[in-house]
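The structure file upload.cif is reproduced below (mmCIF, C-alpha atoms).
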data_structure
loop_
_atom_site.group_PDB
_atom_site.id
_atom_site.type_symbol
_atom_site.label_atom_id
_atom_site.label_comp_id
_atom_site.auth_asym_id
_atom_site.auth_seq_id
_atom_site.Cartn_x
_atom_site.Cartn_y
_atom_site.Cartn_z
ATOM 1 C CA MET A 29 108.605 26.092 59.170
ATOM 2 C CA SER A 30 108.391 22.449 58.043
ATOM 3 C CA VAL A 31 107.130 21.373 54.638
ATOM 4 C CA SER A 32 103.503 20.257 54.526
ATOM 5 C CA ALA A 33 102.888 16.538 54.041
ATOM 6 C CA ALA A 34 100.990 17.180 50.799
ATOM 7 C CA ARG A 35 103.820 19.163 49.181
ATOM 8 C CA SER A 36 106.434 16.703 50.409
ATOM 9 C CA VAL A 37 104.583 13.795 48.780
ATOM 10 C CA ALA A 38 104.028 15.767 45.566
ATOM 11 C CA PHE A 39 107.723 16.713 45.430
ATOM 12 C CA ASP A 40 108.952 13.131 45.875
ATOM 13 C CA LEU A 41 106.376 11.871 43.364
ATOM 14 C CA LEU A 42 107.447 14.371 40.711
ATOM 15 C CA LEU A 43 111.106 13.528 41.278
ATOM 16 C CA ARG A 44 110.377 9.856 40.698
ATOM 17 C CA VAL A 45 108.417 10.606 37.537
ATOM 18 C CA GLU A 46 111.296 12.753 36.269
ATOM 19 C CA THR A 47 114.123 10.344 37.108
ATOM 20 C CA THR A 48 112.564 6.876 36.719
ATOM 21 C CA GLU A 49 109.867 5.160 34.685
ATOM 22 C CA ALA A 50 107.289 5.719 37.433
ATOM 23 C CA TYR A 51 103.760 6.933 36.663
ATOM 24 C CA ALA A 52 102.111 9.656 38.720
ATOM 25 C CA THR A 53 98.691 8.007 38.737
ATOM 26 C CA GLU A 54 100.193 4.888 40.306
ATOM 27 C CA LEU A 55 102.329 6.757 42.844
ATOM 28 C CA LEU A 56 99.286 8.710 44.024
ATOM 29 C CA HIS A 57 97.884 5.378 45.247
ATOM 30 C CA SER A 58 101.092 4.271 46.979
ATOM 31 C CA ALA A 59 101.136 3.550 50.696
ATOM 32 C CA ARG A 60 102.703 6.910 51.499
ATOM 33 C CA ALA A 61 100.162 8.889 49.498
ATOM 34 C CA ALA A 62 97.276 6.812 50.843
ATOM 35 C CA ALA A 63 98.336 7.717 54.398
ATOM 36 C CA LEU A 64 97.574 11.397 53.761
ATOM 37 C CA SER A 65 94.341 12.914 54.971
ATOM 38 C CA PRO A 66 91.703 13.417 52.246
ATOM 39 C CA VAL A 67 92.473 17.161 52.159
ATOM 40 C CA ASP A 68 96.236 16.631 51.898
ATOM 41 C CA HIS A 69 95.814 13.888 49.302
ATOM 42 C CA GLY A 70 93.682 16.254 47.247
ATOM 43 C CA LEU A 71 96.344 18.978 47.407
ATOM 44 C CA ALA A 72 99.165 16.568 46.573
ATOM 45 C CA THR A 73 97.173 15.299 43.591
ATOM 46 C CA GLU A 74 96.360 18.815 42.406
ATOM 47 C CA ILE A 75 99.985 19.970 42.570
ATOM 48 C CA ALA A 76 101.536 16.826 41.074
ATOM 49 C CA MET A 77 99.093 16.432 38.192
ATOM 50 C CA GLY A 78 98.944 20.182 37.618
ATOM 51 C CA VAL A 79 102.717 20.415 37.274
ATOM 52 C CA LEU A 80 102.743 17.542 34.783
ATOM 53 C CA ARG A 81 99.824 18.977 32.796
ATOM 54 C CA TRP A 82 101.325 22.472 32.542
ATOM 55 C CA ARG A 83 105.030 21.607 32.618
ATOM 56 C CA CYS A 84 106.158 23.273 29.394
ATOM 57 C CA ALA A 85 104.271 26.483 30.250
ATOM 58 C CA LEU A 86 105.748 26.492 33.753
ATOM 59 C CA ASP A 87 109.233 25.946 32.349
ATOM 60 C CA ASP A 88 108.852 28.926 30.010
ATOM 61 C CA ARG A 89 107.775 31.173 32.897
ATOM 62 C CA ILE A 90 110.632 30.017 35.102
ATOM 63 C CA ALA A 91 113.289 30.280 32.365
ATOM 64 C CA ALA A 92 112.344 33.911 31.710
ATOM 65 C CA HIS A 93 113.641 34.825 35.180
ATOM 66 C CA LEU A 94 116.842 32.770 35.222
ATOM 67 C CA ASP A 95 120.356 33.976 34.496
ATOM 68 C CA LYS A 96 121.509 30.470 33.512
ATOM 69 C CA PRO A 97 120.144 27.783 31.138
ATOM 70 C CA PHE A 98 117.085 26.092 32.618
ATOM 71 C CA ARG A 99 118.292 22.560 31.861
ATOM 72 C CA LYS A 100 121.510 23.079 33.816
ATOM 73 C CA LEU A 101 119.566 23.219 37.078
ATOM 74 C CA ASP A 102 119.464 20.155 39.297
ATOM 75 C CA VAL A 103 116.275 18.122 38.991
ATOM 76 C CA GLU A 104 115.361 18.871 42.611
ATOM 77 C CA VAL A 105 115.606 22.597 41.921
ATOM 78 C CA ILE A 106 113.552 22.338 38.737
ATOM 79 C CA THR A 107 110.878 20.340 40.557
ATOM 80 C CA ALA A 108 110.588 22.831 43.420
ATOM 81 C CA LEU A 109 110.404 25.740 40.963
ATOM 82 C CA ARG A 110 107.678 24.021 38.944
ATOM 83 C CA MET A 111 105.652 23.304 42.072
ATOM 84 C CA GLY A 112 105.963 26.879 43.295
ATOM 85 C CA ALA A 113 105.158 28.346 39.889
ATOM 86 C CA TYR A 114 102.092 26.133 39.492
ATOM 87 C CA GLN A 115 100.686 27.234 42.831
ATOM 88 C CA LEU A 116 101.348 30.900 42.059
ATOM 89 C CA LEU A 117 99.787 30.757 38.601
ATOM 90 C CA PHE A 118 96.846 28.405 39.090
ATOM 91 C CA LEU A 119 95.914 27.945 42.759
ATOM 92 C CA ASP A 120 94.432 31.224 43.934
ATOM 93 C CA ARG A 121 93.463 29.750 47.303
ATOM 94 C CA ILE A 122 97.103 29.091 48.202
ATOM 95 C CA PRO A 123 98.682 32.135 49.911
ATOM 96 C CA ARG A 124 101.525 33.476 47.819
ATOM 97 C CA HIS A 125 103.969 33.468 50.724
ATOM 98 C CA ALA A 126 103.158 29.808 51.505
ATOM 99 C CA ALA A 127 103.781 28.674 47.913
ATOM 100 C CA ILE A 128 107.151 30.442 47.816
ATOM 101 C CA HIS A 129 108.314 29.587 51.327
ATOM 102 C CA GLU A 130 107.521 25.881 51.108
ATOM 103 C CA SER A 131 109.215 25.604 47.710
ATOM 104 C CA VAL A 132 112.349 27.033 49.303
ATOM 105 C CA GLU A 133 112.012 24.611 52.226
ATOM 106 C CA LEU A 134 111.729 21.691 49.800
ATOM 107 C CA ILE A 135 115.074 22.704 48.301
ATOM 108 C CA LYS A 136 116.687 22.766 51.721
ATOM 109 C CA LYS A 137 115.177 19.390 52.604
ATOM 110 C CA ALA A 138 116.590 17.985 49.336
ATOM 111 C CA ARG A 139 120.081 19.181 50.394
ATOM 112 C CA LYS A 140 120.252 21.838 47.686
ATOM 113 C CA ARG A 141 120.478 24.720 50.155
ATOM 114 C CA SER A 142 122.788 26.719 47.862
ATOM 115 C CA ALA A 143 119.874 27.124 45.409
ATOM 116 C CA ALA A 144 117.398 28.358 48.022
ATOM 117 C CA GLY A 145 118.035 32.061 47.376
ATOM 118 C CA MET A 146 117.668 31.643 43.628
ATOM 119 C CA VAL A 147 114.398 29.712 43.996
ATOM 120 C CA ASN A 148 113.039 32.412 46.297
ATOM 121 C CA ALA A 149 114.042 35.207 43.897
ATOM 122 C CA VAL A 150 112.621 33.513 40.773
ATOM 123 C CA LEU A 151 109.275 32.658 42.335
ATOM 124 C CA ARG A 152 108.822 36.190 43.654
ATOM 125 C CA LYS A 153 108.954 37.411 40.043
ATOM 126 C CA ILE A 154 106.205 35.071 38.813
ATOM 127 C CA ASN A 155 102.726 36.545 38.691
ATOM 128 C CA PRO A 156 99.444 35.305 37.176
ATOM 129 C CA PRO A 157 98.967 36.469 33.564
ATOM 130 C CA ALA A 158 96.435 39.057 32.509
ATOM 131 C CA ALA A 159 93.084 37.691 31.361
ATOM 132 C CA SER A 160 93.948 38.747 27.813
ATOM 133 C CA SER A 161 97.101 36.573 27.868
ATOM 134 C CA PRO A 162 95.955 33.013 28.607
ATOM 135 C CA ILE A 163 98.545 30.346 29.366
ATOM 136 C CA THR A 164 98.924 27.441 26.992
ATOM 137 C CA ALA A 165 100.859 24.257 27.656
ATOM 138 C CA HIS A 166 101.122 23.177 24.024
ATOM 139 C CA PRO A 167 104.416 23.341 22.092
ATOM 140 C CA ASP A 168 104.690 26.066 19.473
ATOM 141 C CA TRP A 169 105.081 23.659 16.563
ATOM 142 C CA ILE A 170 101.732 21.997 17.153
ATOM 143 C CA LEU A 171 99.965 25.325 17.717
ATOM 144 C CA LYS A 172 101.271 26.554 14.359
ATOM 145 C CA ARG A 173 100.163 23.368 12.615
ATOM 146 C CA TRP A 174 96.697 23.473 14.162
ATOM 147 C CA THR A 175 96.299 27.174 13.382
ATOM 148 C CA ALA A 176 97.166 26.587 9.728
ATOM 149 C CA SER A 177 94.606 23.763 9.538
ATOM 150 C CA TYR A 178 91.759 25.000 11.744
ATOM 151 C CA GLY A 179 92.239 28.720 12.362
ATOM 152 C CA PRO A 180 93.062 30.590 15.601
ATOM 153 C CA LYS A 181 89.568 30.503 17.141
ATOM 154 C CA ALA A 182 89.286 26.731 16.826
ATOM 155 C CA VAL A 183 92.800 26.290 18.220
ATOM 156 C CA GLU A 184 91.904 28.434 21.226
ATOM 157 C CA ARG A 185 88.924 26.166 21.951
ATOM 158 C CA ILE A 186 91.027 23.017 21.432
ATOM 159 C CA CYS A 187 93.644 24.229 23.906
ATOM 160 C CA GLU A 188 91.032 25.276 26.442
ATOM 161 C CA TYR A 189 89.397 21.841 26.357
ATOM 162 C CA ASP A 190 92.688 19.978 26.148
ATOM 163 C CA GLN A 191 94.038 21.582 29.307
ATOM 164 C CA ARG A 192 91.060 20.934 31.573
ATOM 165 C CA ALA A 193 91.569 18.531 34.448
ATOM 166 C CA PRO A 194 89.938 15.255 33.367
ATOM 167 C CA GLU A 195 86.829 13.955 35.078
ATOM 168 C CA THR A 196 86.972 10.682 37.002
ATOM 169 C CA VAL A 197 84.971 8.231 34.912
ATOM 170 C CA LEU A 198 83.988 4.702 35.960
ATOM 171 C CA ARG A 199 82.707 1.643 34.163
ATOM 172 C CA ALA A 200 80.175 0.117 36.555
ATOM 173 C CA ASP A 201 76.952 -1.883 36.619
ATOM 174 C CA GLN A 202 73.897 -1.046 38.734
ATOM 175 C CA ALA A 203 74.997 -3.135 41.727
ATOM 176 C CA LEU A 204 78.378 -1.439 41.920
ATOM 177 C CA MET A 205 76.785 1.989 41.481
ATOM 178 C CA LYS A 206 74.513 1.378 44.482
ATOM 179 C CA GLU A 207 77.456 0.198 46.564
ATOM 180 C CA LEU A 208 79.479 3.305 45.737
ATOM 181 C CA GLU A 209 76.573 5.622 46.419
ATOM 182 C CA SER A 210 76.109 3.989 49.842
ATOM 183 C CA GLN A 211 79.706 4.996 50.611
ATOM 184 C CA GLY A 212 79.152 8.663 49.795
ATOM 185 C CA ILE A 213 80.101 8.676 46.097
ATOM 186 C CA THR A 214 77.827 10.790 43.881
ATOM 187 C CA LEU A 215 77.676 9.610 40.269
ATOM 188 C CA GLN A 216 76.350 11.192 37.089
ATOM 189 C CA PRO A 217 75.705 9.556 33.680
ATOM 190 C CA GLY A 218 78.525 9.592 31.153
ATOM 191 C CA LYS A 219 78.231 11.508 27.888
ATOM 192 C CA LEU A 220 78.825 8.686 25.407
ATOM 193 C CA LEU A 221 78.317 5.236 26.889
ATOM 194 C CA SER A 222 75.534 3.666 28.958
ATOM 195 C CA LYS A 223 77.846 1.923 31.429
ATOM 196 C CA THR A 224 80.027 4.947 32.178
ATOM 197 C CA HIS A 225 79.502 7.191 35.176
ATOM 198 C CA VAL A 226 81.246 10.424 36.155
ATOM 199 C CA VAL A 227 82.234 10.902 39.800
ATOM 200 C CA ALA A 228 80.609 14.183 40.823
ATOM 201 C CA SER A 229 81.744 14.094 44.464
ATOM 202 C CA GLY A 230 83.460 11.780 46.927
ATOM 203 C CA ASP A 231 86.881 10.072 46.990
ATOM 204 C CA ILE A 232 86.613 6.937 44.892
ATOM 205 C CA THR A 233 90.085 5.735 45.930
ATOM 206 C CA ARG A 234 88.929 5.234 49.528
ATOM 207 C CA THR A 235 86.072 2.878 48.662
ATOM 208 C CA ARG A 236 86.099 -0.871 49.256
ATOM 209 C CA ALA A 237 85.535 -1.544 45.564
ATOM 210 C CA PHE A 238 88.648 0.425 44.636
ATOM 211 C CA ARG A 239 90.794 -1.353 47.238
ATOM 212 C CA GLU A 240 89.533 -4.726 46.017
ATOM 213 C CA LYS A 241 90.094 -3.719 42.364
ATOM 214 C CA ARG A 242 86.455 -4.324 41.476
ATOM 215 C CA LEU A 243 85.980 -1.065 39.588
ATOM 216 C CA VAL A 244 87.632 0.398 36.537
ATOM 217 C CA ILE A 245 88.610 4.067 36.322
ATOM 218 C CA GLN A 246 88.795 4.730 32.606
ATOM 219 C CA ASP A 247 87.765 7.685 30.464
ATOM 220 C CA GLU A 248 85.007 7.215 27.917
ATOM 221 C CA ALA A 249 87.295 7.584 24.904
ATOM 222 C CA SER A 250 89.478 4.700 26.113
ATOM 223 C CA GLN A 251 86.422 2.531 26.720
ATOM 224 C CA LEU A 252 85.051 3.395 23.289
ATOM 225 C CA VAL A 253 88.240 2.172 21.586
ATOM 226 C CA ALA A 254 87.730 -1.297 23.032
ATOM 227 C CA LEU A 255 83.995 -1.306 22.306
ATOM 228 C CA LEU A 256 84.527 -0.380 18.648
ATOM 229 C CA LEU A 257 86.778 -3.367 18.060
ATOM 230 C CA ALA A 258 84.984 -6.224 16.357
ATOM 231 C CA GLN A 259 84.542 -9.370 18.436
ATOM 232 C CA GLY A 260 86.800 -12.270 17.560
ATOM 233 C CA GLU A 261 88.279 -15.604 18.600
ATOM 234 C CA ARG A 262 91.833 -14.358 19.171
ATOM 235 C CA ILE A 263 92.622 -10.850 20.379
ATOM 236 C CA LEU A 264 96.068 -9.321 20.944
ATOM 237 C CA ASP A 265 96.244 -6.198 23.112
ATOM 238 C CA CYS A 266 99.682 -4.568 22.886
ATOM 239 C CA CYS A 267 100.765 -1.943 25.446
ATOM 240 C CA ALA A 268 97.968 -3.234 27.684
ATOM 241 C CA ALA A 269 98.736 -2.053 31.231
ATOM 242 C CA PRO A 270 96.970 -1.492 33.479
ATOM 243 C CA GLY A 271 94.395 -3.592 31.628
ATOM 244 C CA GLY A 272 91.231 -1.513 31.283
ATOM 245 C CA LYS A 273 90.743 -2.098 27.550
ATOM 246 C CA THR A 274 91.767 -5.741 27.902
ATOM 247 C CA ARG A 275 89.027 -6.247 30.475
ATOM 248 C CA ILE A 276 86.386 -4.804 28.160
ATOM 249 C CA LEU A 277 87.637 -6.939 25.257
ATOM 250 C CA ALA A 278 87.420 -10.073 27.413
ATOM 251 C CA GLU A 279 83.906 -9.159 28.590
ATOM 252 C CA ARG A 280 82.707 -8.665 25.001
ATOM 253 C CA SER A 281 84.299 -11.903 23.740
ATOM 254 C CA PRO A 282 84.122 -14.345 26.682
ATOM 255 C CA ALA A 283 85.053 -17.332 24.525
ATOM 256 C CA ALA A 284 88.029 -15.635 22.891
ATOM 257 C CA ILE A 285 91.708 -16.070 23.666
ATOM 258 C CA VAL A 286 92.854 -12.617 24.782
ATOM 259 C CA VAL A 287 96.611 -12.002 24.995
ATOM 260 C CA ALA A 288 97.701 -8.819 26.784
ATOM 261 C CA MET A 289 101.278 -7.570 26.394
ATOM 262 C CA GLU A 290 103.094 -4.729 28.162
ATOM 263 C CA LEU A 291 106.621 -3.428 27.572
ATOM 264 C CA HIS A 292 107.073 -2.138 31.156
ATOM 265 C CA PRO A 293 106.687 -4.921 33.780
ATOM 266 C CA HIS A 294 106.113 -2.508 36.674
ATOM 267 C CA ARG A 295 102.935 -1.216 34.998
ATOM 268 C CA ALA A 296 101.380 -4.641 34.554
ATOM 269 C CA GLU A 297 99.019 -5.892 37.227
ATOM 270 C CA VAL A 298 98.939 -9.519 38.260
#
Please, can you express the file's structure as structure tokens?
Amino acid sequence: MSVSAARSVAFDLLLRVETTEAYATELLHSARAAALSPVDHGLATEIAMGVLRWRCALDDRIAAHLDKPFRKLDVEVITALRMGAYQLLFLDRIPRHAAIHESVELIKKARKRSAAGMVNAVLRKINPPAASSPITAHPDWILKRWTASYGPKAVERICEYDQRAPETVLRADQALMKELESQGITLQPGKLLSKTHVVASGDITRTRAFREKRLVIQDEASQLVALLLAQGERILDCCAAPGGKTRILAERSPAAIVVAMELHPHRAEV
């Protein structure tokens, strides 16, 4: 049985994130990822972002079933285990046998065949937790600090909110909204700002506006940071890539000199 295109893309993406300075959100829009069908692209996105969001929790679950230190495993093995564990713990529509089998096949494809038996054995021991034992992906030290400051009930609500998959939020005017809606994108008003809109349905990355870089995908909190800054004649935006806040700053102060700086050249857009 060959590895599905979605899992193969997710595996390679996660390896690059782990071993280079690559960013998952950028790799999900690469030529290879864009060639996937909408269904496969959705699955690749779910697995890749899910693994990154829940990584420390996944690592704890995996380590509990190993007979050797977790960090001594090859990165390919760790990545396949994380992908399998995420599917087993969080994706109830994925058949258990498919999640395990394809994780093993990924190991073989990565030329780590000697680890295939171990990956199979570890994943077979991983089961979803009971409802009374929710999974958290926050490190113990921060949970202890929050609990001391806010109490256990508040911390439970913080973790629950913190671990939700983020909504896709756009900054768009009326003309762009109409264009997107004509291409099958359903939008809802944002919660904080008048120009923000939440994508309720549709694949925004396959629209003409996205390809032409005429829309900004940016959560409301990030937009609010730029909007709260007082207008001025000279503005310096450090750590600016990919440029969402810089764009808002330039729109609010059209006569200003706006300097955007970024430490990592590969993140900066021309």
Write out as JSON, numbers by chain which residues come within 12 Å of stretch 89-98 of chain A when counting all atoms listed in the file, dropping same-chain ones fewer than 4 positions away.
{"A": [82, 83, 84, 85, 102, 103, 105, 106, 107, 108, 109, 110, 111, 112, 113, 114, 116, 117, 146, 147, 148, 149, 150, 151, 152, 153, 154, 155, 156, 157, 163, 164, 165]}
Dump as a tab-separated table (two decimals), keeping the file's coordinate frame, selection limited to C-alpha atoms:
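Done, and the output landed in result.tsv:
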chain	number	residue	atom	x	y	z
A	82	TRP	CA	101.32	22.47	32.54
A	83	ARG	CA	105.03	21.61	32.62
A	84	CYS	CA	106.16	23.27	29.39
A	85	ALA	CA	104.27	26.48	30.25
A	102	ASP	CA	119.46	20.16	39.30
A	103	VAL	CA	116.28	18.12	38.99
A	105	VAL	CA	115.61	22.60	41.92
A	106	ILE	CA	113.55	22.34	38.74
A	107	THR	CA	110.88	20.34	40.56
A	108	ALA	CA	110.59	22.83	43.42
A	109	LEU	CA	110.40	25.74	40.96
A	110	ARG	CA	107.68	24.02	38.94
A	111	MET	CA	105.65	23.30	42.07
A	112	GLY	CA	105.96	26.88	43.30
A	113	ALA	CA	105.16	28.35	39.89
A	114	TYR	CA	102.09	26.13	39.49
A	116	LEU	CA	101.35	30.90	42.06
A	117	LEU	CA	99.79	30.76	38.60
A	146	MET	CA	117.67	31.64	43.63
A	147	VAL	CA	114.40	29.71	44.00
A	148	ASN	CA	113.04	32.41	46.30
A	149	ALA	CA	114.04	35.21	43.90
A	150	VAL	CA	112.62	33.51	40.77
A	151	LEU	CA	109.28	32.66	42.34
A	152	ARG	CA	108.82	36.19	43.65
A	153	LYS	CA	108.95	37.41	40.04
A	154	ILE	CA	106.20	35.07	38.81
A	155	ASN	CA	102.73	36.54	38.69
A	156	PRO	CA	99.44	35.30	37.18
A	157	PRO	CA	98.97	36.47	33.56
A	163	ILE	CA	98.54	30.35	29.37
A	164	THR	CA	98.92	27.44	26.99
A	165	ALA	CA	100.86	24.26	27.66
Please write as a list in words the full residue list that the PyMOL selection byres ((chain A and resi 232) around 10) yields on this file.
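That expression, the PyMOL selection byres ((chain A and resi 232) around 10), corresponds here to Thr196, Leu198, Leu208, Gln211, Gly212, Ile213, Thr214, Val227, Ser229, Gly230, Asp231, Thr233, Arg234, Thr235, Arg236, Ala237, Phe238, Arg239, Leu243 and Ile245 of chain A.
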Which polymer residues have any atom within 12 Å of an atom of A:Lys219, counting all atoms listed in the file, with same-chain residues fewer than 4 positions away left out, as a CSV table (one decimal) with C-alpha atoms, in the coordinates of the input?
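After the write, around36.csv holds the following:
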chain,number,residue,atom,x,y,z
A,195,GLU,CA,86.8,14.0,35.1
A,197,VAL,CA,85.0,8.2,34.9
A,223,LYS,CA,77.8,1.9,31.4
A,224,THR,CA,80.0,4.9,32.2
A,225,HIS,CA,79.5,7.2,35.2
A,226,VAL,CA,81.2,10.4,36.2
A,247,ASP,CA,87.8,7.7,30.5
A,248,GLU,CA,85.0,7.2,27.9
A,249,ALA,CA,87.3,7.6,24.9
A,252,LEU,CA,85.1,3.4,23.3
Could you give me the centre and size, in Å to one decimal, of an axis-aligned box around all listed atoms of stretch 177-190 of chain A with 5 Å added on every side, as lines of an AutoDock Vina configuration file?
center_x = 91.8
center_y = 25.3
center_z = 18.0
size_x = 15.7
size_y = 20.6
size_z = 26.9
Go through the shown structure with the PyMOL selection byres ((chain A and resi 53) around 10) and write out the matching residues as a list in words.
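So the PyMOL selection byres ((chain A and resi 53) around 10), applied here, picks out Leu41, Ala50, Tyr51, Ala52, Glu54, Leu55, Leu56, His57, Ser58, Thr73, Ala76 and Met77 of chain A.
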What does the PyMOL selection byres ((chain A and resi 281) around 12) select in this file, as a CSV table (one decimal) with C-alpha atoms, in the coordinates of the input?
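Just written: part06.csv:
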chain,number,residue,atom,x,y,z
A,254,ALA,CA,87.7,-1.3,23.0
A,255,LEU,CA,84.0,-1.3,22.3
A,257,LEU,CA,86.8,-3.4,18.1
A,258,ALA,CA,85.0,-6.2,16.4
A,259,GLN,CA,84.5,-9.4,18.4
A,260,GLY,CA,86.8,-12.3,17.6
A,261,GLU,CA,88.3,-15.6,18.6
A,262,ARG,CA,91.8,-14.4,19.2
A,263,ILE,CA,92.6,-10.8,20.4
A,274,THR,CA,91.8,-5.7,27.9
A,275,ARG,CA,89.0,-6.2,30.5
A,276,ILE,CA,86.4,-4.8,28.2
A,277,LEU,CA,87.6,-6.9,25.3
A,278,ALA,CA,87.4,-10.1,27.4
A,279,GLU,CA,83.9,-9.2,28.6
A,280,ARG,CA,82.7,-8.7,25.0
A,282,PRO,CA,84.1,-14.3,26.7
A,283,ALA,CA,85.1,-17.3,24.5
A,284,ALA,CA,88.0,-15.6,22.9
A,285,ILE,CA,91.7,-16.1,23.7
A,286,VAL,CA,92.9,-12.6,24.8
I'd like the neighbourhood of A:Val244 as a list in words, where a residue qualifies if any of its atoms comes within 8 Å (using only C-alpha atoms), though same-chain residues fewer than 5 positions away should be ignored.
Leu198, Arg199, Ala200 and Gly272 of chain A
Rounded to one decimal, what separation in Å do you get between atom CA of A:Cys267 and atom CA of A:Ala288?
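Rounded to one decimal, the two atoms are 7.6 Å apart.
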Separation of atom CA of A:Lys100 from atom CA of A:Ile75, in Å and rounded to one decimal
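Separation between atom CA of A:Lys100 and atom CA of A:Ile75: 23.4 Å.
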Quote the spacing between atom CA of A:Lys206 and atom CA of A:Gly218 in Å to one decimal place.
16.2 Å
Could you write stretch 54-82 of chain A of the block just shown to a file containing C-alpha atoms, as a PDB file, in the first residue's frame?
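Final output, result-v4.pdb:
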ATOM      1  CA  GLU A  54       4.438  29.015   3.824  1.00  0.00           C
ATOM      2  CA  LEU A  55       5.134  25.404   2.843  1.00  0.00           C
ATOM      3  CA  LEU A  56       1.402  24.679   2.713  1.00  0.00           C
ATOM      4  CA  HIS A  57       1.240  27.135  -0.204  1.00  0.00           C
ATOM      5  CA  SER A  58       4.236  25.673  -2.049  1.00  0.00           C
ATOM      6  CA  ALA A  59       3.864  24.289  -5.555  1.00  0.00           C
ATOM      7  CA  ARG A  60       3.783  20.707  -4.311  1.00  0.00           C
ATOM      8  CA  ALA A  61       1.089  21.369  -1.726  1.00  0.00           C
ATOM      9  CA  ALA A  62      -0.928  23.478  -4.162  1.00  0.00           C
ATOM     10  CA  ALA A  63      -1.005  20.529  -6.587  1.00  0.00           C
ATOM     11  CA  LEU A  64      -3.035  18.460  -4.112  1.00  0.00           C
ATOM     12  CA  SER A  65      -6.769  18.126  -4.515  1.00  0.00           C
ATOM     13  CA  PRO A  66      -8.826  20.294  -2.126  1.00  0.00           C
ATOM     14  CA  VAL A  67      -9.609  17.229   0.020  1.00  0.00           C
ATOM     15  CA  ASP A  68      -5.971  16.115   0.193  1.00  0.00           C
ATOM     16  CA  HIS A  69      -4.768  19.658   0.861  1.00  0.00           C
ATOM     17  CA  GLY A  70      -7.239  19.883   3.728  1.00  0.00           C
ATOM     18  CA  LEU A  71      -5.964  16.623   5.237  1.00  0.00           C
ATOM     19  CA  ALA A  72      -2.315  17.606   4.814  1.00  0.00           C
ATOM     20  CA  THR A  73      -3.037  20.938   6.502  1.00  0.00           C
ATOM     21  CA  GLU A  74      -4.945  19.292   9.345  1.00  0.00           C
ATOM     22  CA  ILE A  75      -2.181  16.772  10.064  1.00  0.00           C
ATOM     23  CA  ALA A  76       0.745  19.191   9.719  1.00  0.00           C
ATOM     24  CA  MET A  77      -0.750  22.019  11.767  1.00  0.00           C
ATOM     25  CA  GLY A  78      -2.269  19.599  14.266  1.00  0.00           C
ATOM     26  CA  VAL A  79       1.090  17.958  14.923  1.00  0.00           C
ATOM     27  CA  LEU A  80       2.726  21.348  15.461  1.00  0.00           C
ATOM     28  CA  ARG A  81      -0.092  22.571  17.716  1.00  0.00           C
ATOM     29  CA  TRP A  82      -0.089  19.457  19.914  1.00  0.00           C
TER      30      TRP A  82
END
